[in-house]
Amino acid sequence: MASYSSRKEDVLKRLRRIEGQVRGLQRMVEEDTYCIDVLTQVSATTRALQSFALQMLDEHMDTCVRTAVADGSGAGDIKLKEAGDAIARLVRS
């Protein structure tokens with residue numbers, strides 16, 4: 001089960017908001033909106049996605065990794081590596 005399953009509706013609501021921001025960008029381009037205004041919206045959308053990614057990472061660390069480490073099976077090392085790889089991808093993006 002995913003760490004966000006208990007809050008799935010909240011997560012989906014947040015993603016729908018971000019989707020709306022992207023649609024707004026499309027609309028801005030269709031309407032030939034001033035470049036700087038489009039870039040401002042791109043920046044806001046990027047921040048929203050980054051914030052969402054950090055929330056997912058935090059939940060993964062707090063639930064998936066914590067549970068795997070606590071069970072003592074060695075799965076904790078795998079989960080920590082996954083989290084480290086995800087952090088590296090986020091930093092590079």
# chains A, B, ... in the order shown; residues from 1 in each chain; ligands from 1
$ closest_atom_pairs --of "region 41-88 of chain A" --to "region 3-9 of chain A" --cutoff "8 Å" --atoms "only C-alpha atoms" --output "JSON lines"
{"residue": "A:Met56", "atom": "CA", "partner": "A:Tyr4", "partner_atom": "CA", "distance": 7.7}
{"residue": "A:Glu59", "atom": "CA", "partner": "A:Ser3", "partner_atom": "CA", "distance": 6.0}
{"residue": "A:His60", "atom": "CA", "partner": "A:Ser3", "partner_atom": "CA", "distance": 6.1}
{"residue": "A:Thr63", "atom": "CA", "partner": "A:Ser3", "partner_atom": "CA", "distance": 5.9}
{"residue": "A:Cys64", "atom": "CA", "partner": "A:Ser3", "partner_atom": "CA", "distance": 6.5}
$ write_last_selection --atoms "N, CA and C atoms" --output "tab-separated table (two decimals), in the first residue's frame"
chain	number	residue	atom	x	y	z
A	56	MET	N	5.69	13.92	-1.18
A	56	MET	CA	5.73	12.48	-1.45
A	56	MET	C	6.98	11.86	-0.83
A	59	GLU	N	6.57	11.61	2.95
A	59	GLU	CA	5.67	10.51	3.32
A	59	GLU	C	6.36	9.17	3.12
A	60	HIS	N	7.14	9.04	2.06
A	60	HIS	CA	7.87	7.79	1.82
A	60	HIS	C	8.85	7.53	2.95
A	63	THR	N	6.91	6.68	6.29
A	63	THR	CA	6.13	5.44	6.37
A	63	THR	C	6.89	4.26	5.78
A	64	CYS	N	7.13	4.28	4.50
A	64	CYS	CA	7.75	3.13	3.82
A	64	CYS	C	9.13	2.82	4.38
$ select_by_dssp --residues "region 41-75 of chain A" --states "alpha helix (DSSP H)" --output "number ranges by chain"
A: 41-59, 66-70, 75
$ atom_distance --atom1 "CA of Ala53 (chain A)" --atom2 "CA of Asp77 (chain A)"
21.3 Å
$ residues_around --residues "Leu57 (chain A)" --least-positions-apart "5" --cutoff "8 Å" --atoms "only C-alpha atoms" --output "VMD selection string"
chain A and resid 83 86 to 87
$ write_last_selection --atoms "N, CA and C atoms" --output "CSV table (one decimal), in the first residue's frame"
chain,number,residue,atom,x,y,z
A,83,ALA,N,15.1,6.1,-1.8
A,83,ALA,CA,14.9,7.5,-1.4
A,83,ALA,C,16.1,8.3,-1.8
A,86,ALA,N,15.8,9.0,-5.4
A,86,ALA,CA,14.7,9.9,-5.7
A,86,ALA,C,15.2,11.3,-5.4
A,87,ILE,N,15.9,11.5,-4.3
A,87,ILE,CA,16.4,12.8,-3.9
A,87,ILE,C,17.4,13.3,-5.0
$ closest_residue --among "A:Met28, A:Val11, A:Arg66, A:Lys79" --to "Val42 (chain A)" --atoms "only C-alpha atoms"
A:Met28
$ atom_distance --atom1 "CA of Asp62 (chain A)" --atom2 "CA of Arg89 (chain A)"
19.2 Å
$ closest_residue --among "A:Ile18, A:Met61, A:Ala68, A:Ala2" --to "Ala44 (chain A)" --atoms "only C-alpha atoms"
A:Ile18
$ closest_residue --among "A:Val69, A:Asp85, A:Ala75, A:Phe52" --to "Lys13 (chain A)" --atoms "only C-alpha atoms"
A:Phe52
$ residues_around --residues "Ser43 (chain A)" --least-positions-apart "6" --cutoff "12 Å" --atoms "only C-alpha atoms" --output "PyMOL selection string"
chain A and resi 18+21-22+25+36-37+49-50
